[in-house]
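Structure file work-v4.tsv (TSV, C-alpha atoms) follows.
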```tsv
chain	number	residue	atom	x	y	z
C	1	MET	CA	-13.03	9.57	22.28
C	2	ALA	CA	-12.03	6.09	21.16
C	3	PHE	CA	-10.55	7.66	18.01
C	4	LEU	CA	-8.29	9.96	20.05
C	5	TYR	CA	-7.30	7.10	22.37
C	6	GLN	CA	-6.27	4.99	19.38
C	7	ARG	CA	-4.15	7.76	17.89
C	8	LEU	CA	-2.41	8.59	21.16
C	9	GLY	CA	-2.09	4.95	22.18
C	10	SER	CA	-0.32	4.01	18.97
C	11	LYS	CA	2.25	6.70	19.68
C	12	VAL	CA	2.76	5.74	23.32
C	13	TRP	CA	2.87	1.97	22.58
C	14	PRO	CA	4.31	1.68	19.06
C	15	PRO	CA	4.92	-1.67	17.33
C	16	ARG	CA	8.04	-3.58	18.29
C	17	ASP	CA	11.03	-2.88	16.08
C	18	THR	CA	11.87	-6.35	14.76
C	19	GLN	CA	15.26	-7.13	13.23
C	20	PRO	CA	14.60	-9.57	10.37
C	21	ASP	CA	17.22	-11.40	8.35
C	22	LEU	CA	16.62	-10.67	4.66
C	23	THR	CA	19.90	-12.12	3.45
C	24	GLY	CA	19.70	-12.94	-0.25
C	25	ARG	CA	16.11	-11.72	-0.56
C	26	THR	CA	14.70	-9.50	-3.30
C	27	LEU	CA	12.00	-7.03	-2.30
C	28	LEU	CA	9.74	-4.72	-4.26
C	29	ILE	CA	7.93	-1.79	-2.72
C	30	THR	CA	5.89	1.05	-4.19
C	31	GLY	CA	5.34	4.55	-2.83
C	32	THR	CA	8.85	4.99	-1.44
C	33	ASN	CA	9.73	8.65	-1.94
C	34	SER	CA	8.51	9.49	1.55
C	35	GLY	CA	6.53	8.24	4.54
C	36	ILE	CA	6.20	4.61	5.57
C	37	GLY	CA	7.44	3.27	2.24
C	38	TYR	CA	10.65	5.26	2.50
C	39	GLU	CA	11.22	4.20	6.11
C	40	SER	CA	10.58	0.57	5.15
C	41	VAL	CA	13.39	0.65	2.60
C	42	ILE	CA	15.69	2.10	5.25
C	43	LYS	CA	14.93	-1.00	7.33
C	44	PHE	CA	15.38	-3.42	4.43
C	45	VAL	CA	18.97	-2.30	3.80
C	46	PRO	CA	20.61	-3.23	7.15
C	47	ALA	CA	18.62	-6.47	7.15
C	48	SER	CA	21.00	-7.64	4.38
C	49	ALA	CA	18.51	-7.64	1.52
C	50	LYS	CA	20.15	-8.53	-1.79
C	51	ARG	CA	18.06	-6.30	-4.03
C	52	ILE	CA	15.32	-3.74	-3.55
C	53	ILE	CA	13.13	-2.47	-6.39
C	54	ILE	CA	11.32	0.75	-5.62
C	55	GLY	CA	8.42	1.81	-7.80
C	56	VAL	CA	7.94	5.57	-7.94
C	57	ARG	CA	6.06	8.10	-10.04
C	58	SER	CA	9.08	10.44	-10.18
C	59	VAL	CA	12.31	8.62	-11.00
C	60	GLU	CA	14.26	11.76	-10.13
C	61	LYS	CA	12.81	11.82	-6.61
C	62	GLY	CA	13.26	8.07	-6.39
C	63	GLU	CA	16.96	8.43	-7.14
C	64	GLU	CA	17.21	11.12	-4.47
C	65	ALA	CA	15.57	8.79	-1.97
C	66	LYS	CA	17.93	5.99	-3.00
C	67	ARG	CA	21.01	8.15	-2.42
C	68	ALA	CA	19.72	9.29	0.96
C	69	ILE	CA	18.99	5.70	2.03
C	70	LEU	CA	22.36	4.32	0.91
C	71	ALA	CA	24.16	7.21	2.62
C	72	GLN	CA	22.86	5.85	5.92
C	73	ALA	CA	24.38	2.42	5.24
C	74	PRO	CA	27.68	2.97	3.39
C	75	GLN	CA	28.87	-0.59	4.13
C	76	SER	CA	25.82	-2.24	2.59
C	77	ASN	CA	26.11	-4.31	-0.60
C	78	VAL	CA	22.42	-4.03	-1.44
C	79	THR	CA	21.34	-3.11	-4.95
C	80	ILE	CA	18.51	-0.57	-5.12
C	81	ASP	CA	16.81	-0.16	-8.49
C	82	VAL	CA	14.45	2.72	-9.19
C	83	TYR	CA	11.63	1.84	-11.60
C	84	HIS	CA	9.06	4.26	-12.92
C	85	LEU	CA	5.48	3.51	-11.84
C	86	ASN	CA	2.41	5.66	-12.36
C	87	MET	CA	-0.56	4.12	-10.56
C	88	LEU	CA	-2.96	6.29	-12.56
C	89	GLY	CA	-2.02	4.67	-15.87
C	90	TYR	CA	-2.62	1.05	-16.84
C	91	ASN	CA	0.06	1.18	-19.53
C	92	ALA	CA	2.61	2.39	-16.98
C	93	ILE	CA	1.59	-0.36	-14.55
C	94	GLU	CA	1.89	-3.02	-17.23
C	95	ALA	CA	5.28	-1.66	-18.31
C	96	PHE	CA	6.49	-1.70	-14.70
C	97	ALA	CA	5.36	-5.30	-14.15
C	98	SER	CA	6.84	-6.38	-17.49
C	99	ARG	CA	10.19	-4.87	-16.54
C	100	VAL	CA	10.10	-6.66	-13.19
C	101	ASN	CA	9.28	-9.99	-14.85
C	102	GLN	CA	12.10	-9.56	-17.37
C	103	GLU	CA	14.85	-8.10	-15.19
C	104	VAL	CA	14.26	-9.67	-11.76
C	105	GLU	CA	15.40	-13.26	-11.30
C	106	ARG	CA	13.23	-13.93	-8.26
C	107	LEU	CA	10.83	-11.93	-6.13
C	108	ASP	CA	10.47	-12.76	-2.45
C	109	TYR	CA	8.48	-9.86	-1.01
C	110	VAL	CA	6.15	-7.28	-2.53
C	111	VAL	CA	4.72	-4.34	-0.60
C	112	LEU	CA	2.10	-2.30	-2.48
C	113	ASP	CA	2.28	0.87	-0.44
C	114	ALA	CA	1.38	3.50	-3.05
C	115	GLY	CA	-1.94	5.14	-2.23
C	116	ILE	CA	-3.76	8.47	-2.16
C	117	ASN	CA	-6.42	10.20	-0.09
C	118	PRO	CA	-7.91	12.86	-2.39
C	119	HIS	CA	-9.80	15.80	-0.99
C	120	ALA	CA	-11.92	16.37	-4.10
C	121	CYS	CA	-13.65	14.01	-6.51
C	122	LYS	CA	-11.29	13.75	-9.47
C	123	LYS	CA	-11.66	11.25	-12.28
C	124	SER	CA	-8.83	9.25	-13.79
C	125	THR	CA	-8.29	8.83	-17.52
C	126	TYR	CA	-10.43	5.73	-17.28
C	127	GLY	CA	-13.36	7.53	-15.69
C	128	PHE	CA	-12.89	6.28	-12.14
C	129	GLU	CA	-12.64	8.46	-9.04
C	130	SER	CA	-8.92	8.76	-8.34
C	131	GLY	CA	-9.04	7.09	-4.92
C	132	ILE	CA	-10.84	4.06	-6.33
C	133	GLN	CA	-8.44	4.06	-9.27
C	134	VAL	CA	-5.19	4.07	-7.28
C	135	ASN	CA	-6.10	2.38	-4.01
C	136	LEU	CA	-8.26	-0.34	-5.51
C	137	LEU	CA	-8.20	-0.95	-9.27
C	138	SER	CA	-4.57	-0.14	-10.03
C	139	THR	CA	-3.38	-1.91	-6.90
C	140	MET	CA	-5.36	-5.01	-7.89
C	141	LEU	CA	-3.97	-4.92	-11.44
C	142	LEU	CA	-0.39	-4.61	-10.24
C	143	ALA	CA	-0.86	-7.43	-7.73
C	144	LEU	CA	-2.20	-9.74	-10.44
C	145	LEU	CA	0.65	-8.87	-12.81
C	146	LEU	CA	3.30	-9.58	-10.17
C	147	LEU	CA	1.76	-12.84	-8.95
C	148	PRO	CA	3.40	-15.07	-11.61
C	149	LYS	CA	6.88	-13.95	-10.54
C	150	LEU	CA	5.99	-14.45	-6.87
C	151	LEU	CA	4.59	-17.91	-7.55
C	152	ALA	CA	7.71	-18.87	-9.50
C	153	SER	CA	9.86	-17.79	-6.54
C	154	LYS	CA	8.31	-20.24	-4.07
C	155	THR	CA	10.61	-22.94	-2.70
C	156	ASP	CA	10.08	-25.94	-0.46
C	157	ILE	CA	11.12	-23.89	2.56
C	158	PHE	CA	9.92	-20.41	1.64
C	159	ASN	CA	6.65	-18.81	0.57
C	160	PRO	CA	6.82	-15.35	-1.04
C	161	VAL	CA	4.67	-12.61	0.48
C	162	LEU	CA	2.39	-10.10	-1.22
C	163	GLU	CA	1.55	-7.33	1.23
C	164	LEU	CA	-1.34	-4.95	0.56
C	165	VAL	CA	-1.70	-1.84	2.69
C	166	GLY	CA	-5.12	-1.53	4.25
C	167	SER	CA	-6.63	0.12	7.28
C	168	GLY	CA	-8.43	-1.37	10.26
C	169	THR	CA	-10.70	1.66	10.20
C	170	HIS	CA	-12.50	0.20	7.18
C	171	GLN	CA	-14.70	-1.41	9.83
C	172	ARG	CA	-15.99	2.05	10.77
C	173	ILE	CA	-17.98	2.56	7.59
C	174	PRO	CA	-21.44	3.12	9.13
C	175	GLN	CA	-23.40	1.80	6.16
C	176	LEU	CA	-23.11	1.20	2.44
C	177	LEU	CA	-25.20	2.77	-0.29
C	178	PRO	CA	-28.69	1.33	-0.89
C	179	ASP	CA	-27.82	0.08	-4.39
C	180	THR	CA	-24.71	-1.83	-3.29
C	181	ASP	CA	-26.41	-5.21	-3.74
C	182	HIS	CA	-28.73	-4.18	-6.57
C	183	PRO	CA	-28.69	-7.02	-9.13
C	184	ASP	CA	-28.86	-4.61	-12.07
C	185	ARG	CA	-26.19	-2.17	-10.89
C	186	ASP	CA	-22.43	-2.54	-11.14
C	187	ILE	CA	-20.92	-1.87	-7.71
C	188	LEU	CA	-18.16	0.30	-9.17
C	189	GLU	CA	-20.80	2.37	-10.96
C	190	VAL	CA	-22.64	2.85	-7.68
C	191	TYR	CA	-19.57	4.14	-5.83
C	192	ASN	CA	-17.87	5.99	-8.68
C	193	SER	CA	-20.19	9.00	-8.76
C	194	GLU	CA	-19.53	12.44	-7.35
C	195	ALA	CA	-22.72	12.05	-5.28
C	196	SER	CA	-21.20	8.97	-3.65
C	197	PHE	CA	-18.02	10.90	-2.91
C	198	LYS	CA	-20.00	13.66	-1.20
C	199	THR	CA	-22.11	11.15	0.72
C	200	PHE	CA	-19.09	9.59	2.39
C	201	GLY	CA	-16.73	12.57	2.57
C	202	TRP	CA	-12.98	12.39	2.03
C	203	ILE	CA	-12.17	10.45	5.22
C	204	GLN	CA	-14.77	7.70	4.84
C	205	ARG	CA	-14.13	7.60	1.12
C	206	TYR	CA	-10.55	6.53	1.84
C	207	LEU	CA	-11.79	3.91	4.29
C	208	LEU	CA	-14.21	2.66	1.66
C	209	THR	CA	-11.37	1.91	-0.77
C	210	LYS	CA	-9.66	-0.05	2.02
C	211	LEU	CA	-12.87	-2.00	2.66
C	212	PHE	CA	-13.02	-2.97	-1.01
C	213	LEU	CA	-9.33	-3.92	-0.84
C	214	MET	CA	-10.25	-6.66	1.62
C	215	TYR	CA	-12.33	-8.26	-1.14
C	216	VAL	CA	-9.30	-8.06	-3.44
C	217	GLN	CA	-7.31	-9.97	-0.83
C	218	TRP	CA	-10.09	-12.54	-0.55
C	219	HIS	CA	-9.94	-13.13	-4.31
C	220	LEU	CA	-6.13	-13.26	-4.48
C	221	VAL	CA	-5.99	-15.78	-1.65
C	222	LYS	CA	-8.15	-18.11	-3.72
C	223	VAL	CA	-5.93	-17.58	-6.77
C	224	VAL	CA	-2.72	-18.57	-4.95
C	225	ASP	CA	-4.22	-21.47	-3.03
C	226	ASP	CA	-2.68	-24.85	-3.83
C	227	LYS	CA	-5.70	-26.92	-4.84
C	228	VAL	CA	-3.97	-30.16	-3.86
C	229	SER	CA	-2.48	-29.34	-0.46
C	230	GLY	CA	-4.88	-26.54	0.42
C	231	SER	CA	-1.92	-24.37	1.45
C	232	PRO	CA	-1.10	-20.96	-0.01
C	233	ARG	CA	1.73	-20.79	-2.52
C	234	VAL	CA	2.06	-17.08	-1.79
C	235	TYR	CA	0.97	-15.38	1.41
C	236	VAL	CA	-1.39	-12.52	0.54
C	237	ILE	CA	-1.77	-10.28	3.56
C	238	VAL	CA	-3.24	-6.89	4.37
C	239	VAL	CA	-1.27	-4.81	6.84
C	240	GLY	CA	-2.88	-1.99	8.81
C	241	PRO	CA	-0.15	0.35	10.10
C	242	GLY	CA	-2.68	2.28	12.17
C	243	PRO	CA	-2.63	6.04	12.77
C	244	THR	CA	0.70	7.10	11.27
C	245	GLN	CA	2.24	10.29	9.98
C	246	SER	CA	2.35	10.05	6.21
C	247	GLY	CA	1.98	12.00	2.99
C	248	LEU	CA	-1.59	10.84	2.38
C	249	ARG	CA	-3.04	14.26	3.17
C	250	ARG	CA	-0.92	16.21	0.67
C	251	ASP	CA	-3.81	16.89	-1.67
C	252	PHE	CA	-6.13	17.77	1.20
C	253	GLN	CA	-3.59	20.15	2.73
C	254	GLN	CA	-3.07	21.98	-0.54
C	255	GLN	CA	-6.74	22.61	-1.29
C	256	SER	CA	-8.40	23.15	2.07
C	257	SER	CA	-8.94	26.28	4.14
C	258	LEU	CA	-6.27	27.49	6.55
C	259	GLY	CA	-8.27	26.34	9.58
C	260	VAL	CA	-8.67	22.82	8.24
C	261	ARG	CA	-4.99	22.62	7.27
C	262	VAL	CA	-3.99	23.63	10.80
C	263	ALA	CA	-6.34	21.03	12.29
C	264	VAL	CA	-4.97	18.27	10.06
C	265	SER	CA	-1.38	19.28	10.83
C	266	THR	CA	-2.17	19.14	14.54
C	267	MET	CA	-3.62	15.66	14.18
C	268	ASN	CA	-0.41	14.58	12.47
C	269	PHE	CA	1.50	15.14	15.71
C	270	MET	CA	-0.64	12.58	17.52
C	271	PRO	CA	-0.06	9.28	15.67
C	272	LYS	CA	3.16	7.29	15.54
C	273	THR	CA	5.98	8.25	13.22
C	274	ALA	CA	6.49	6.84	9.74
C	275	GLU	CA	9.43	4.83	11.05
C	276	GLN	CA	7.20	3.24	13.67
C	277	GLY	CA	4.56	2.56	11.03
C	278	ALA	CA	7.19	0.82	8.88
C	279	ARG	CA	7.72	-1.67	11.69
C	280	THR	CA	4.31	-3.18	10.94
C	281	TYR	CA	5.27	-3.69	7.29
C	282	ILE	CA	8.44	-5.52	8.30
C	283	SER	CA	6.91	-7.78	10.93
C	284	ASP	CA	4.05	-8.84	8.63
C	285	LEU	CA	6.46	-9.71	5.82
C	286	MET	CA	8.14	-12.26	8.07
C	287	LEU	CA	5.11	-14.50	7.68
C	288	GLY	CA	6.91	-16.11	4.76
C	289	GLU	CA	9.91	-17.19	6.80
```
This entry written out as structure tokens:
Amino acid sequence: MAFLYQRLGSKVWPPRDTQPDLTGRTLLITGTNSGIGYESVIKFVPASAKRIIIGVRSVEKGEEAKRAILAQAPQSNVTIDVYHLNMLGYNAIEAFASRVNQEVERLDYVVLDAGINPHACKKSTYGFESGIQVNLLSTMLLALLLLPKLLASKTDIFNPVLELVGSGTHQRIPQLLPDTDHPDRDILEVYNSEASFKTFGWIQRYLLTKLFLMYVQWHLVKVVDDKVSGSPRVYVIVVGPGPTQSGLRRDFQQQSSLGVRVAVSTMNFMPKTAEQGARTYISDLMLGE
């Protein structure tokens, strides 16, 4: 019952639509072909952002999204650059970060929105379950590779912001696996098995990756901490947009039975829209101002 109340409540009382001033700022956001990422870019443009880098798996679709976004703001002088980014490949992630470091003068805001919610247990090239690969390991790698540019962009009056996309529902994981704290077991090994995937199911499996992401934030906060002043040089935050319509269930919709697909589609009418979800991304970014 509380679950249904949360979903309906977020639609009835959506986040406030803030109007930030991003004049002269450079932003980078991944996962922007659709959903919350796409709606976030739409909000960045009228806020007078100087430059927006969007990281996408399909450059062709990214260019389509860029044209659609700019068509809504014909008077804008913003520059939108479409960079290729495949979160399932370390080489692609490193190439993306290298291009950013070489071609971007400064980086004020980073939003790592790209994520998946796989229905079945699929392994990446590196042997990790795809949800763990994209939502956790690849996100952590990209964050670490972009940190030097963010740190170099700090000024006396402005702290850059690194925004990870989490979920408050990570607190609903009922219990972890018995071997989680086993001294002789690697925690990734424990949770990377198909048996682990089946134990949690596709919903809780997604929440599990968001729980682990909180530990990534905890580590990154220590990395960016100024050891002298004790203040962060970069704000590392985790935003939880709450129940929101998004493309996360694409894989699930394609592979499930008709009844389940209908049920999931029905549930998608209950949460807030992607535009309303994007409001949380924007308001959290303003922590650096």
*Can you pull out every residue within 12 Å of Thr199 of chain C, counting all atoms listed in the file, but drop anything in the same chain fewer than 3 positions away, and send it as a list in words?*
Cys121, Ile173, Pro174, Gln175, Leu176, Leu177, Pro178, Val190, Tyr191, Asn192, Ser193, Glu194, Ala195, Ser196, Trp202, Ile203, Gln204, Arg205 and Leu208 of chain C
*Of the candidates C:Glu64, C:Glu94, C:Asp181, C:Asp17, which one gets nearest to Leu146 of chain C if we count all atoms listed in the file?*
C:Glu94
*Might you pull out every residue within 12 Å of Asp113 of chain C, with all atoms listed in the file counted and same-chain residues fewer than 3 positions away left off, and present them as a PyMOL selection string?*
chain C and resi 28-41+54-56+87+110+116+134-136+138-139+142-143+162-167+238-241+246-248+277-278+281
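In this comparison, which uses all atoms listed in the file, the residue of C:Gly127, C:Leu88, C:Lys154, C:Ala97 approaching Ala114 of chain C most closely is C:Leu88.
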_Sphere at (16.9, 0.4, -11.6), radius 12 Å, counting only C-alpha atoms: residues as a VMD selection string_ = chain C and resid 28 51 to 56 59 to 60 62 to 63 66 79 to 85 96 99 to 100 103 to 104
*With all atoms listed in the file as the atoms that count, which of C:Leu145, C:Leu151, C:Leu287, C:Met214 lies nearest to Leu107 of chain C?*
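Once distances to Leu107 of chain C are computed over all atoms listed in the file, the minimum belongs to C:Leu151.
With distances taken over all atoms listed in the file, C:Ile282 is the one residue among C:Ile282, C:Arg67, C:Asp225, C:Gly89 lying closest to Phe44 of chain C.
Here the question is which of C:His170, C:Lys227, C:Lys122, C:Lys50 gets nearest to Tyr215 of chain C using only C-alpha atoms, and that residue is C:His170.
Across the model, the gap from atom CA of Gly242 of chain C to atom CA of Thr169 of chain C is 8.3 Å.
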I'd like the box whose edges run along x, y and z of the file and which contains every listed atom of segment 55-70 of chain C, padded by 4 Å per side; could you state its centre and edge lengths in Å, one decimal, as AutoDock Vina command-line options?
```
--center_x 14.2 --center_y 6.8 --center_z -4.5 --size_x 24.3 --size_y 18.0 --size_z 21.0
```
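Picture a line from atom CA of Ser130 of chain C to atom CA of Asn101 of chain C; it runs 26.9 Å.
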*So how many Å separate atom CA of Arg106 of chain C and atom CA of Arg25 of chain C, to one decimal?*
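Computed distance, atom CA of Arg106 of chain C to atom CA of Arg25 of chain C, equals 8.5 Å.
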*Residue with smallest distance to Arg16 of chain C - pool C:Thr280, C:Asn77, C:Ser124, C:Asn159, counting all atoms listed in the file*: C:Thr280
